[in-house]
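Down below is the structure, laid out as structure tokens.
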Amino acid sequence: MIVINIAVQYLALFLTINQLMGVPFNQPKFCPSTNWNPNAITFANTSIAGACSNVIFINKTNGIYITENCNSQVQVWVEGNMTPVRTMSFGLNQPQGLFVRTNDNVFIDNARYNGRVEKWMLNSTFGRIVMNVTGPCYSLFIDFNSTLYCSMGTQNMVVKVPLNSGGVVPTIAAGTGGAGSSASMLSNPHGIFVDNNLTLYVADCSNNRIQSFAFNQTNGTTIAGTGASGTISLTCPTGIMFDADEYLFIVEYGGSRIIGSSFNGFRCIAGCRGPGSSPSQLNTPYSFSFDSYGNIFVADQTNCRIQKFLLSTNSCAETTTSQATTITTTMNIIHSSKKMIQLTTPSKFTDTLPITTNSHQSGM
């Protein structure tokens with residue numbers, strides 16, 4: 001009998017292609033039945049990560065970046081090291097939003113009092129202005145065209161600026177600047193995500209919904225929460241992410257939980273017992289990020305800690321082949337652009353081979 005860990009091979013193959021495409025964050029491939037250990041491990045407490053950790057970003061090599069609002073700094077960890085290897089703080093004042101590119105350039109919100117977003121190059125000790133704004137950027141994102149987006153919760157809009165243009169004055173990408181619940185308006189927006197179709201997704205906190213804005217469109221479509229029947233009820237979502245198959249994951253600040261989705265619909269995947277401080281609970285979580293193994297790291301704000309929920313099971317259906325049959329294994333890997341890359345591998349087997357899928361779990 002030969003046992004082939006299809007889930008692990010699938011994940012590794014997707015990550016390799018995703019790296020070639022330049023996506024700087026992890027979007028693992030999950031099966032519909034994937035589960036995470038309900039009891040989290042505390043990766044960093046208040047003595048290490050500060051009392052006001054806002055945004056967490058994990059890159060493809062499992063480097064962890066965290067903005068610490070109260071300490072006015074950003075800290076960086078590398079995989080396997082529990083001690084920060086870099087601290088960025090010069091000139092920062094209560095940073096919130098954060099984004100890291102594949103070349104390790106770090107984009108940091110420094111707008112609450114300084115009115116700007118800064119780019120910190122690898123090993124630099126100060127940042128360079130790349131965007132001027134009139135309010136804090138609760139979330140930052142850079143699309144494949146090198147356009148920088150800033151979610152301005154206090155201004156009820158998302159703005160953007162092309163990084164290659166040399167300009168620092170942004171234009172509006174979504175919202176009108178006034179709080180509201182119509183299709184063209186936002187109210188206290190937080191987490192943002194832009195796919196390879198340049199569709200902008202917004203965690204519209206005070207409207208308790210997730211909005212989707214097609215490229216250059218001013219009216220959004222509600223894809224989850226209030227106004228999207230048959231999805232899930234949300235209370236102030238603040239963080240969003242998509243997996244390899246474009247399924248949505250949400251941090252629900254007001255509900256103190258993390259929500260995942262698949263073709264089976266939405267479900268709670270972490271913090272499902274209500275707010276609290278036990279290992280199975282969260283209290284006003286703000287943001288999250290996947291590592292390359294599918295583990296979830298959460299900025300658990302009120303509990304002043306970074307929690308890590310280990311991937312528990314990620315097994316797909318079992319397939320058995322018959323004797324002397326030529327098998328063609330086709331993997332359909334769907335990126336956020338909804339473009340499909342099809343990889344076909346013919347294999348010849350002369351015995352009956354039960355091909356069993358196994359789960360994979362690792363961590364720092």
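As shown in the structure tokens, the chain order sets the letters A, B, ...; within each chain, residues go from 1, and ligands are also counted from 1 in the order they appear.
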Enumerate as an MDAnalysis selection string all residues of region 39-273 of chain A assigned to strand (DSSP E) by DSSP on the backbone, naming them with the chain letters and numbers the document uses. chainID A and resid 41:44 53:58 64:68 73:77 86:88 98:100 106:110 116:120 128:132 139:142 147:152 157:162 171:174 189:194 200:204 209:213 221:225 237:242 248:252 257:262 265:270
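Contact shell of region 134-139 of chain A at 6 Å (only C-alpha atoms; same-chain neighbours under 3 positions omitted): Gln96, Gly97, Asp109, Ala111, Arg112, Gly115, Cys150, Ser151, Met152, His190 and Gly191 of chain A.
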Of the listed residues A:Gly220, A:Gly177, A:Gly255, A:Pro285, that which approaches Val55 (chain A) most closely, counting only C-alpha atoms: A:Pro285
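Distances to Cys31 (chain A) were evaluated for A:Asp143, A:Asp291, A:Asp245, A:Glu79 using only C-alpha atoms, and the minimum falls at A:Asp245.
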Choose the residue, out of A:Gly225, A:Gly260, A:Gly63, A:Gly265, that has the smallest atom-to-atom separation from Phe25 (chain A); count only C-alpha atoms. A:Gly63
